[in-house]
Amino acid sequence: MTTVGTLRIGNRKIRYTVQLTDTRHAHLRFNDDANLKVTLPKWSHIDAREILQKKRQWLEKTLHRLVNSRKVLDEKKLLFKGVEYGFRVTKAKKNSIEIKNQTMLIGLDSKTDLRQLVKDWMTTETRKYTNNRIKYYGRKLGLDVRDIKITKGKKWGHCTRDRRLVFNWQLIALPKKLADYVILHEISHLSEFSHNNRFNTRLFSLCPDFKEREDALGHILPVQT
């Protein structure tokens, strides 16, 4: 069962949907169009409007970040290595992506979804970039990285306890300075798994302006997958 409503946050009027599911807890999530999805346990008697009122400060902060951030992909442009490219899609026998004169030329066959093509292409580009950069840092720092994996996820990257580095397929969308920050952040976890003072000291030694880069990273929104 799904219900729909509207909510005013600042000078913006947003649309929200309320869906009852088997979830154990209430969840709030904005989509790429700044509409809000509210998921509630179907067995509960929680009032969605009461939750929205309690979470108003979080809603205001999150909406402001969403509206004022750069998106990796929308209907008109694609972010690649920190540059926003307009794109033009044409029918083709073979799928292809080519950058020419600040425009991304996308050839799309009749059987392929545009977003899937972009995802596959960016996954390949991210894999090439992370492999090259980690080889570079590995030689420079004497690192032992067991494996590198490119996948979907809410985070730009993470490190597993068995020394595997995992990166979001959209990492190649970031400017080099921010992509390298993500890599250096995860490399630092090879020395210290927790986000404690030792970790911060290690990251600072590799990336002295990591706080500024971290803040800038928060203003780029990956595609929700």
# chains A, B, ... in the order shown; residues from 1 in each chain; ligands from 1
$ residues_around --residues "His25 (chain A)" --least-positions-apart "3" --cutoff "10 Å" --atoms "only C-alpha atoms" --output "PyMOL selection string"
chain A and resi 21-22+39-42+44
$ residues_around --residues "Trp169 (chain A)" --least-positions-apart "5" --cutoff "12 Å" --atoms "only C-alpha atoms" --output "PyMOL selection string"
chain A and resi 72+80+116+118-130+148-157+174+179+222-225
$ closest_residue --among "A:Asn131, A:Ser188, A:Asn168, A:Asn95" --to "Leu114 (chain A)" --atoms "only C-alpha atoms"
A:Asn95
$ closest_residue --among "A:Leu171, A:Lys55, A:Ile46, A:Glu60" --to "Ile14 (chain A)" --atoms "only C-alpha atoms"
A:Glu60
$ closest_residue --among "A:Val83, A:Tyr136, A:Gln19, A:Leu73" --to "Thr3 (chain A)" --atoms "only C-alpha atoms"
A:Gln19
$ atom_distance --atom1 "CA of Ile97 (chain A)" --atom2 "CA of Arg70 (chain A)"
21.4 Å
